[in-house]
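Text of protein.txt (compact mmCIF, N, CA and C atoms) as supplied:
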# COMPACT_ATOMS: atom_id res chain seq x y z
N MET I 1 -47.42 -19.17 26.77
CA MET I 1 -47.05 -17.96 26.10
C MET I 1 -48.29 -17.09 25.87
N GLN I 2 -49.44 -17.74 25.70
CA GLN I 2 -50.67 -16.98 25.46
C GLN I 2 -51.16 -16.30 26.72
N ASN I 3 -50.79 -16.82 27.90
CA ASN I 3 -51.24 -16.25 29.17
C ASN I 3 -50.44 -15.01 29.57
N LEU I 4 -49.34 -14.73 28.88
CA LEU I 4 -48.51 -13.58 29.23
C LEU I 4 -49.16 -12.31 28.72
N SER I 5 -48.95 -11.27 29.47
CA SER I 5 -49.56 -9.99 29.06
C SER I 5 -48.80 -9.39 27.88
N ILE I 6 -49.46 -8.52 27.16
CA ILE I 6 -48.86 -7.86 26.00
C ILE I 6 -47.66 -7.03 26.46
N ARG I 7 -47.80 -6.41 27.61
CA ARG I 7 -46.72 -5.59 28.14
C ARG I 7 -45.48 -6.45 28.37
N PHE I 8 -45.63 -7.62 28.92
CA PHE I 8 -44.51 -8.51 29.18
C PHE I 8 -43.89 -8.99 27.86
N LYS I 9 -44.74 -9.32 26.88
CA LYS I 9 -44.25 -9.78 25.58
C LYS I 9 -43.45 -8.68 24.89
N ILE I 10 -43.94 -7.45 24.91
CA ILE I 10 -43.23 -6.33 24.27
C ILE I 10 -41.93 -6.05 25.01
N THR I 11 -41.97 -6.08 26.32
CA THR I 11 -40.76 -5.85 27.12
C THR I 11 -39.74 -6.95 26.84
N GLY I 12 -40.18 -8.19 26.75
CA GLY I 12 -39.28 -9.31 26.46
C GLY I 12 -38.66 -9.18 25.07
N ALA I 13 -39.46 -8.82 24.08
CA ALA I 13 -38.95 -8.64 22.71
C ALA I 13 -37.94 -7.51 22.67
N PHE I 14 -38.26 -6.43 23.38
CA PHE I 14 -37.35 -5.28 23.42
C PHE I 14 -36.04 -5.67 24.12
N ALA I 15 -36.12 -6.42 25.20
CA ALA I 15 -34.92 -6.87 25.93
C ALA I 15 -34.07 -7.77 25.04
N LEU I 16 -34.72 -8.68 24.31
CA LEU I 16 -34.00 -9.55 23.39
C LEU I 16 -33.31 -8.74 22.31
N LEU I 17 -33.99 -7.75 21.80
CA LEU I 17 -33.43 -6.87 20.77
C LEU I 17 -32.22 -6.12 21.33
N LEU I 18 -32.28 -5.64 22.56
CA LEU I 18 -31.16 -4.95 23.18
C LEU I 18 -29.96 -5.88 23.36
N VAL I 19 -30.20 -7.13 23.75
CA VAL I 19 -29.12 -8.10 23.92
C VAL I 19 -28.44 -8.37 22.57
N VAL I 20 -29.24 -8.56 21.53
CA VAL I 20 -28.68 -8.80 20.19
C VAL I 20 -27.88 -7.58 19.73
N MET I 21 -28.42 -6.38 19.94
CA MET I 21 -27.71 -5.17 19.54
C MET I 21 -26.41 -5.01 20.32
N ALA I 22 -26.41 -5.32 21.61
CA ALA I 22 -25.19 -5.23 22.41
C ALA I 22 -24.14 -6.22 21.90
N PHE I 23 -24.58 -7.45 21.59
CA PHE I 23 -23.68 -8.45 21.04
C PHE I 23 -23.08 -7.95 19.73
N LEU I 24 -23.91 -7.42 18.83
CA LEU I 24 -23.41 -6.91 17.56
C LEU I 24 -22.45 -5.74 17.75
N GLY I 25 -22.72 -4.89 18.73
CA GLY I 25 -21.82 -3.77 19.01
C GLY I 25 -20.45 -4.24 19.47
N VAL I 26 -20.42 -5.19 20.40
CA VAL I 26 -19.15 -5.73 20.89
C VAL I 26 -18.41 -6.44 19.76
N PHE I 27 -19.14 -7.25 18.99
CA PHE I 27 -18.53 -7.95 17.86
C PHE I 27 -17.95 -6.96 16.86
N SER I 28 -18.67 -5.89 16.56
CA SER I 28 -18.19 -4.87 15.63
C SER I 28 -16.94 -4.19 16.15
N LEU I 29 -16.91 -3.88 17.43
CA LEU I 29 -15.72 -3.25 18.01
C LEU I 29 -14.50 -4.15 17.91
N LEU I 30 -14.69 -5.44 18.17
CA LEU I 30 -13.57 -6.38 18.06
C LEU I 30 -13.08 -6.48 16.62
N GLN I 31 -14.01 -6.53 15.69
CA GLN I 31 -13.62 -6.60 14.28
C GLN I 31 -12.92 -5.31 13.82
N MET I 32 -13.41 -4.18 14.28
CA MET I 32 -12.78 -2.90 13.92
C MET I 32 -11.37 -2.82 14.51
N SER I 33 -11.17 -3.39 15.68
CA SER I 33 -9.84 -3.42 16.28
C SER I 33 -8.89 -4.24 15.40
N THR I 34 -9.38 -5.37 14.91
CA THR I 34 -8.57 -6.21 14.02
C THR I 34 -8.24 -5.47 12.74
N VAL I 35 -9.22 -4.81 12.16
CA VAL I 35 -9.00 -4.03 10.93
C VAL I 35 -7.99 -2.92 11.20
N ASN I 36 -8.11 -2.25 12.34
CA ASN I 36 -7.17 -1.19 12.69
C ASN I 36 -5.75 -1.72 12.83
N ASP I 37 -5.60 -2.88 13.47
CA ASP I 37 -4.28 -3.48 13.62
C ASP I 37 -3.67 -3.79 12.26
N GLN I 38 -4.45 -4.37 11.38
CA GLN I 38 -3.95 -4.71 10.05
C GLN I 38 -3.62 -3.46 9.23
N SER I 39 -4.46 -2.44 9.33
CA SER I 39 -4.18 -1.22 8.57
C SER I 39 -2.93 -0.52 9.10
N THR I 40 -2.67 -0.65 10.39
CA THR I 40 -1.45 -0.09 10.96
C THR I 40 -0.23 -0.81 10.40
N ILE I 41 -0.31 -2.13 10.31
CA ILE I 41 0.79 -2.91 9.73
C ILE I 41 1.02 -2.49 8.29
N ILE I 42 -0.06 -2.35 7.54
CA ILE I 42 0.06 -1.93 6.14
C ILE I 42 0.68 -0.54 6.04
N ALA I 43 0.20 0.39 6.85
CA ALA I 43 0.67 1.77 6.78
C ALA I 43 2.12 1.91 7.22
N GLU I 44 2.53 1.12 8.22
CA GLU I 44 3.87 1.28 8.77
C GLU I 44 4.92 0.44 8.08
N ASN I 45 4.53 -0.65 7.43
CA ASN I 45 5.53 -1.53 6.82
C ASN I 45 5.35 -1.65 5.31
N TRP I 46 4.19 -2.08 4.88
CA TRP I 46 4.01 -2.38 3.47
C TRP I 46 4.04 -1.14 2.58
N LEU I 47 3.31 -0.10 2.94
CA LEU I 47 3.28 1.09 2.08
C LEU I 47 4.65 1.75 1.95
N PRO I 48 5.39 1.95 3.04
CA PRO I 48 6.73 2.51 2.86
C PRO I 48 7.63 1.58 2.04
N SER I 49 7.50 0.29 2.26
CA SER I 49 8.29 -0.67 1.50
C SER I 49 8.01 -0.56 0.01
N VAL I 50 6.74 -0.49 -0.33
CA VAL I 50 6.36 -0.37 -1.74
C VAL I 50 6.84 0.97 -2.31
N ARG I 51 6.74 2.02 -1.51
CA ARG I 51 7.18 3.34 -1.99
C ARG I 51 8.68 3.34 -2.25
N TYR I 52 9.47 2.79 -1.32
CA TYR I 52 10.91 2.76 -1.53
C TYR I 52 11.29 1.86 -2.70
N ALA I 53 10.62 0.74 -2.85
CA ALA I 53 10.88 -0.14 -4.00
C ALA I 53 10.57 0.59 -5.31
N SER I 54 9.48 1.34 -5.32
CA SER I 54 9.13 2.11 -6.50
C SER I 54 10.18 3.20 -6.77
N ASP I 55 10.63 3.86 -5.72
CA ASP I 55 11.67 4.89 -5.88
C ASP I 55 12.97 4.28 -6.41
N ILE I 56 13.32 3.09 -5.93
CA ILE I 56 14.51 2.41 -6.42
C ILE I 56 14.35 2.06 -7.90
N ASN I 57 13.17 1.61 -8.27
CA ASN I 57 12.89 1.33 -9.67
C ASN I 57 13.08 2.58 -10.52
N THR I 58 12.56 3.70 -10.05
CA THR I 58 12.72 4.97 -10.76
C THR I 58 14.19 5.36 -10.82
N ASN I 59 14.90 5.17 -9.71
CA ASN I 59 16.33 5.49 -9.69
C ASN I 59 17.10 4.68 -10.74
N THR I 60 16.80 3.39 -10.84
CA THR I 60 17.51 2.58 -11.84
C THR I 60 17.23 3.09 -13.24
N SER I 61 15.99 3.48 -13.49
CA SER I 61 15.65 4.02 -14.82
C SER I 61 16.38 5.33 -15.07
N ASP I 62 16.43 6.19 -14.05
CA ASP I 62 17.13 7.47 -14.21
C ASP I 62 18.63 7.28 -14.43
N ILE I 63 19.20 6.29 -13.74
CA ILE I 63 20.62 5.98 -13.96
C ILE I 63 20.84 5.51 -15.38
N ARG I 64 19.97 4.67 -15.86
CA ARG I 64 20.12 4.16 -17.23
C ARG I 64 19.95 5.29 -18.26
N ILE I 65 19.07 6.23 -17.98
CA ILE I 65 18.92 7.39 -18.88
C ILE I 65 20.22 8.20 -18.87
N GLY I 66 20.80 8.41 -17.69
CA GLY I 66 22.08 9.12 -17.61
C GLY I 66 23.18 8.38 -18.35
N GLN I 67 23.17 7.05 -18.24
CA GLN I 67 24.17 6.26 -18.96
C GLN I 67 23.99 6.38 -20.46
N ALA I 68 22.76 6.35 -20.92
CA ALA I 68 22.49 6.52 -22.35
C ALA I 68 22.93 7.90 -22.81
N THR I 69 22.67 8.91 -21.99
CA THR I 69 23.11 10.26 -22.33
C THR I 69 24.62 10.31 -22.45
N HIS I 70 25.30 9.63 -21.54
CA HIS I 70 26.77 9.58 -21.57
C HIS I 70 27.24 8.95 -22.88
N VAL I 71 26.66 7.83 -23.23
CA VAL I 71 27.08 7.11 -24.44
C VAL I 71 26.79 7.94 -25.70
N LEU I 72 25.68 8.67 -25.70
CA LEU I 72 25.32 9.46 -26.87
C LEU I 72 26.05 10.80 -26.95
N SER I 73 26.71 11.19 -25.86
CA SER I 73 27.43 12.46 -25.84
C SER I 73 28.76 12.33 -26.57
N THR I 74 29.18 13.44 -27.15
CA THR I 74 30.47 13.43 -27.86
C THR I 74 31.47 14.37 -27.22
N SER I 75 31.00 15.29 -26.40
CA SER I 75 31.92 16.24 -25.76
C SER I 75 32.21 15.82 -24.32
N ASP I 76 33.40 16.21 -23.86
CA ASP I 76 33.79 15.88 -22.48
C ASP I 76 32.87 16.56 -21.47
N ASP I 77 32.45 17.80 -21.76
CA ASP I 77 31.56 18.51 -20.83
C ASP I 77 30.23 17.78 -20.68
N ASP I 78 29.66 17.34 -21.80
CA ASP I 78 28.39 16.61 -21.73
C ASP I 78 28.55 15.30 -20.97
N MET I 79 29.68 14.64 -21.17
CA MET I 79 29.93 13.38 -20.46
C MET I 79 30.09 13.62 -18.96
N ARG I 80 30.80 14.70 -18.59
CA ARG I 80 30.96 15.03 -17.17
C ARG I 80 29.61 15.35 -16.53
N ARG I 81 28.76 16.08 -17.25
CA ARG I 81 27.42 16.38 -16.72
C ARG I 81 26.61 15.11 -16.54
N ALA I 82 26.70 14.21 -17.53
CA ALA I 82 25.98 12.94 -17.43
C ALA I 82 26.49 12.13 -16.24
N GLU I 83 27.81 12.12 -16.03
CA GLU I 83 28.38 11.39 -14.89
C GLU I 83 27.94 12.02 -13.57
N ALA I 84 27.87 13.34 -13.51
CA ALA I 84 27.41 14.02 -12.29
C ALA I 84 25.94 13.68 -12.03
N ASP I 85 25.14 13.67 -13.09
CA ASP I 85 23.73 13.30 -12.94
C ASP I 85 23.60 11.87 -12.44
N ILE I 86 24.39 10.98 -12.99
CA ILE I 86 24.36 9.57 -12.58
C ILE I 86 24.74 9.45 -11.11
N ARG I 87 25.81 10.15 -10.69
CA ARG I 87 26.24 10.10 -9.28
C ARG I 87 25.15 10.61 -8.35
N ALA I 88 24.48 11.69 -8.75
CA ALA I 88 23.40 12.24 -7.91
C ALA I 88 22.27 11.23 -7.74
N VAL I 89 21.91 10.56 -8.83
CA VAL I 89 20.83 9.56 -8.75
C VAL I 89 21.30 8.34 -7.96
N GLU I 90 22.57 7.96 -8.11
CA GLU I 90 23.11 6.84 -7.33
C GLU I 90 23.07 7.16 -5.83
N ASP I 91 23.35 8.41 -5.47
CA ASP I 91 23.26 8.81 -4.05
C ASP I 91 21.83 8.70 -3.55
N ALA I 92 20.88 9.16 -4.36
CA ALA I 92 19.46 9.06 -3.98
C ALA I 92 19.05 7.60 -3.88
N MET I 93 19.54 6.78 -4.80
CA MET I 93 19.22 5.35 -4.76
C MET I 93 19.80 4.71 -3.51
N ALA I 94 21.02 5.08 -3.14
CA ALA I 94 21.64 4.52 -1.93
C ALA I 94 20.80 4.86 -0.70
N ALA I 95 20.27 6.08 -0.64
CA ALA I 95 19.41 6.47 0.49
C ALA I 95 18.12 5.64 0.48
N ASN I 96 17.55 5.42 -0.69
CA ASN I 96 16.33 4.61 -0.79
C ASN I 96 16.62 3.15 -0.40
N VAL I 97 17.77 2.65 -0.78
CA VAL I 97 18.15 1.27 -0.42
C VAL I 97 18.29 1.15 1.10
N ARG I 98 18.95 2.14 1.72
CA ARG I 98 19.11 2.11 3.18
C ARG I 98 17.76 2.15 3.89
N ALA I 99 16.82 2.88 3.33
CA ALA I 99 15.49 2.96 3.93
C ALA I 99 14.68 1.69 3.67
N TYR I 100 14.88 1.07 2.51
CA TYR I 100 14.09 -0.10 2.12
C TYR I 100 14.52 -1.38 2.86
N GLU I 101 15.81 -1.60 2.97
CA GLU I 101 16.29 -2.88 3.48
C GLU I 101 15.74 -3.27 4.86
N PRO I 102 15.61 -2.34 5.82
CA PRO I 102 15.04 -2.75 7.12
C PRO I 102 13.57 -3.16 7.03
N LEU I 103 12.90 -2.78 5.96
CA LEU I 103 11.47 -3.08 5.82
C LEU I 103 11.22 -4.45 5.19
N ILE I 104 12.28 -5.11 4.73
CA ILE I 104 12.12 -6.44 4.14
C ILE I 104 11.70 -7.39 5.25
N ASN I 105 10.59 -8.12 5.04
CA ASN I 105 10.10 -8.95 6.14
C ASN I 105 9.76 -10.38 5.75
N SER I 106 10.13 -10.79 4.56
CA SER I 106 9.90 -12.19 4.21
C SER I 106 11.15 -12.75 3.53
N ASP I 107 11.29 -14.06 3.61
CA ASP I 107 12.45 -14.69 2.98
C ASP I 107 12.43 -14.56 1.47
N ASP I 108 11.23 -14.64 0.88
CA ASP I 108 11.12 -14.49 -0.58
C ASP I 108 11.55 -13.09 -1.01
N GLU I 109 11.11 -12.09 -0.26
CA GLU I 109 11.48 -10.72 -0.59
C GLU I 109 12.98 -10.51 -0.42
N ARG I 110 13.55 -11.09 0.65
CA ARG I 110 14.98 -10.97 0.90
C ARG I 110 15.78 -11.64 -0.23
N LYS I 111 15.29 -12.78 -0.69
CA LYS I 111 15.96 -13.50 -1.78
C LYS I 111 15.89 -12.68 -3.07
N SER I 112 14.72 -12.13 -3.37
CA SER I 112 14.57 -11.31 -4.58
C SER I 112 15.46 -10.08 -4.50
N TRP I 113 15.54 -9.48 -3.32
CA TRP I 113 16.36 -8.28 -3.14
C TRP I 113 17.84 -8.62 -3.35
N ALA I 114 18.29 -9.75 -2.82
CA ALA I 114 19.68 -10.17 -2.98
C ALA I 114 19.98 -10.43 -4.45
N GLU I 115 19.05 -11.05 -5.14
CA GLU I 115 19.22 -11.31 -6.57
C GLU I 115 19.30 -10.00 -7.36
N PHE I 116 18.41 -9.06 -7.04
CA PHE I 116 18.47 -7.76 -7.70
C PHE I 116 19.82 -7.09 -7.44
N GLY I 117 20.28 -7.13 -6.18
CA GLY I 117 21.55 -6.49 -5.84
C GLY I 117 22.71 -7.07 -6.62
N ALA I 118 22.75 -8.38 -6.75
CA ALA I 118 23.83 -9.02 -7.51
C ALA I 118 23.76 -8.64 -8.99
N ASN I 119 22.56 -8.67 -9.55
CA ASN I 119 22.41 -8.29 -10.96
C ASN I 119 22.75 -6.82 -11.18
N TRP I 120 22.35 -5.97 -10.24
CA TRP I 120 22.63 -4.54 -10.39
C TRP I 120 24.13 -4.28 -10.32
N LYS I 121 24.85 -4.97 -9.45
CA LYS I 121 26.31 -4.80 -9.36
C LYS I 121 26.98 -5.23 -10.67
N ARG I 122 26.52 -6.32 -11.25
CA ARG I 122 27.07 -6.76 -12.54
C ARG I 122 26.78 -5.73 -13.62
N TYR I 123 25.56 -5.19 -13.60
CA TYR I 123 25.18 -4.18 -14.58
C TYR I 123 26.07 -2.94 -14.43
N GLN I 124 26.29 -2.49 -13.19
CA GLN I 124 27.12 -1.31 -12.95
C GLN I 124 28.56 -1.56 -13.39
N ALA I 125 29.08 -2.77 -13.13
CA ALA I 125 30.44 -3.10 -13.55
C ALA I 125 30.55 -3.08 -15.07
N THR I 126 29.53 -3.56 -15.74
CA THR I 126 29.52 -3.53 -17.20
C THR I 126 29.51 -2.09 -17.70
N PHE I 127 28.73 -1.23 -17.05
CA PHE I 127 28.70 0.16 -17.50
C PHE I 127 30.05 0.85 -17.31
N GLU I 128 30.80 0.46 -16.28
CA GLU I 128 32.13 1.06 -16.11
C GLU I 128 32.99 0.80 -17.34
N ARG I 129 32.89 -0.39 -17.91
CA ARG I 129 33.64 -0.69 -19.15
C ARG I 129 33.07 0.11 -20.31
N VAL I 130 31.75 0.20 -20.38
CA VAL I 130 31.10 0.96 -21.46
C VAL I 130 31.46 2.44 -21.33
N LYS I 131 31.55 2.94 -20.11
CA LYS I 131 31.87 4.36 -19.90
C LYS I 131 33.26 4.69 -20.45
N GLU I 132 34.21 3.78 -20.26
CA GLU I 132 35.55 4.01 -20.79
C GLU I 132 35.51 4.07 -22.32
N LEU I 133 34.75 3.20 -22.93
CA LEU I 133 34.60 3.24 -24.39
C LEU I 133 33.89 4.53 -24.82
N SER I 134 32.90 4.94 -24.05
CA SER I 134 32.16 6.15 -24.37
C SER I 134 33.06 7.37 -24.29
N ARG I 135 33.96 7.42 -23.31
CA ARG I 135 34.88 8.55 -23.18
C ARG I 135 35.80 8.65 -24.39
N GLN I 136 36.06 7.51 -25.02
CA GLN I 136 36.90 7.48 -26.22
C GLN I 136 36.07 7.69 -27.49
N ASN I 137 34.75 7.97 -27.28
CA ASN I 137 33.80 8.09 -28.39
C ASN I 137 33.81 6.84 -29.26
N ASN I 138 34.00 5.71 -28.62
CA ASN I 138 34.00 4.42 -29.30
C ASN I 138 32.65 3.75 -29.00
N ASP I 139 31.60 4.32 -29.57
CA ASP I 139 30.24 3.85 -29.29
C ASP I 139 29.88 2.67 -30.14
This structure in structure tokens:
Amino acid sequence: MQNLSIRFKITGAFALLLVVMAFLGVFSLLQMSTVNDQSTIIAENWLPSVRYASDINTNTSDIRIGQATHVLSTSDDDMRRAEADIRAVEDAMAANVRAYEPLINSDDERKSWAEFGANWKRYQATFERVKELSRQNND
């Protein structure tokens, strides 16, 4: 190694540096491709799924507010307005449900969604009985 010229040593070090940099560049491109693939999955499936789930959560709250308004109302006009508001939110919720369901991609999520659906149907059936009492001002 001592018999080699300085020019050869510098050229060799530079060549080694270029090889290492090329390896790092290729490795970085492969890793960036993986990150891009994962971010695409997140953007196309998870984010819309979370957004629709959040919208459904808001819809359920808005429906419950409409139901409370109905129960607290004493006039038929106020009750009809509350029922119209509830129907409008139920329509929006139905659209969000149709958009959300195809995005479900795990068995746990599907199970939780089915459980929510069953509980929500029971809740809605209970409100139908409460609505009849509310119409009679029997709060």
- Message: Using Å and a single decimal, report how far atom C of I:Leu17 sits from atom CA of I:Leu4.
- Response: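 Going from atom CA of I:Leu4 over to atom C of I:Leu17, I get 19.6 Å.
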- Selection near stretch 84-92 of chain I, 6.5 Å with only N, CA and C atoms, sequence-local residues under 4 positions removed, as an NGL selection string: :I and (59 or 62-63 or 66-67 or 79-80 or 96-97)
Go ahead and write the residues just picked, N, CA and C atoms, as a tab-separated table (two decimals), in the frame of the given file.
chain	number	residue	atom	x	y	z
I	59	ASN	N	14.90	5.17	-9.71
I	59	ASN	CA	16.33	5.49	-9.69
I	59	ASN	C	17.10	4.68	-10.74
I	62	ASP	N	16.43	6.19	-14.05
I	62	ASP	CA	17.13	7.47	-14.21
I	62	ASP	C	18.63	7.28	-14.43
I	63	ILE	N	19.20	6.29	-13.74
I	63	ILE	CA	20.62	5.98	-13.96
I	63	ILE	C	20.84	5.51	-15.38
I	66	GLY	N	20.80	8.41	-17.69
I	66	GLY	CA	22.08	9.12	-17.61
I	66	GLY	C	23.18	8.38	-18.35
I	67	GLN	N	23.17	7.05	-18.24
I	67	GLN	CA	24.17	6.26	-18.96
I	67	GLN	C	23.99	6.38	-20.46
I	79	MET	N	29.68	14.64	-21.17
I	79	MET	CA	29.93	13.38	-20.46
I	79	MET	C	30.09	13.62	-18.96
I	80	ARG	N	30.80	14.70	-18.59
I	80	ARG	CA	30.96	15.03	-17.17
I	80	ARG	C	29.61	15.35	-16.53
I	96	ASN	N	17.55	5.42	-0.69
I	96	ASN	CA	16.33	4.61	-0.79
I	96	ASN	C	16.62	3.15	-0.40
I	97	VAL	N	17.77	2.65	-0.78
I	97	VAL	CA	18.15	1.27	-0.42
I	97	VAL	C	18.29	1.15	1.10
- Find, counting all atoms listed in the file, the residue in I:Ile6, I:Gln38, I:Ser49, I:Gly12 that gets nearest to I:Glu101. I:Ser49
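With atom CA of I:Phe127 on one side and atom CA of I:Asp77 on the other, the separation reads 18.9 Å.
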Give me, as a short mmCIF file (atom, residue, chain, number, x, y, z; two decimals) with N, CA and C atoms, keeping the file's coordinate frame, all polymer residues having an atom no more than 12 Å from I:Tyr123, counting only C-alpha atoms and skipping those fewer than 5 positions away in the same chain.
data_model
loop_
_atom_site.label_atom_id
_atom_site.label_comp_id
_atom_site.auth_asym_id
_atom_site.auth_seq_id
_atom_site.Cartn_x
_atom_site.Cartn_y
_atom_site.Cartn_z
N THR I 60 16.80 3.39 -10.84
CA THR I 60 17.51 2.58 -11.84
C THR I 60 17.23 3.09 -13.24
N ILE I 63 19.20 6.29 -13.74
CA ILE I 63 20.62 5.98 -13.96
C ILE I 63 20.84 5.51 -15.38
N ARG I 64 19.97 4.67 -15.86
CA ARG I 64 20.12 4.16 -17.23
C ARG I 64 19.95 5.29 -18.26
N GLN I 67 23.17 7.05 -18.24
CA GLN I 67 24.17 6.26 -18.96
C GLN I 67 23.99 6.38 -20.46
N PHE I 116 18.41 -9.06 -7.04
CA PHE I 116 18.47 -7.76 -7.70
C PHE I 116 19.82 -7.09 -7.44
N GLY I 117 20.28 -7.13 -6.18
CA GLY I 117 21.55 -6.49 -5.84
C GLY I 117 22.71 -7.07 -6.62
N ALA I 118 22.75 -8.38 -6.75
CA ALA I 118 23.83 -9.02 -7.51
C ALA I 118 23.76 -8.64 -8.99
N GLU I 128 30.80 0.46 -16.28
CA GLU I 128 32.13 1.06 -16.11
C GLU I 128 32.99 0.80 -17.34
N ARG I 129 32.89 -0.39 -17.91
CA ARG I 129 33.64 -0.69 -19.15
C ARG I 129 33.07 0.11 -20.31
N VAL I 130 31.75 0.20 -20.38
CA VAL I 130 31.10 0.96 -21.46
C VAL I 130 31.46 2.44 -21.33
#
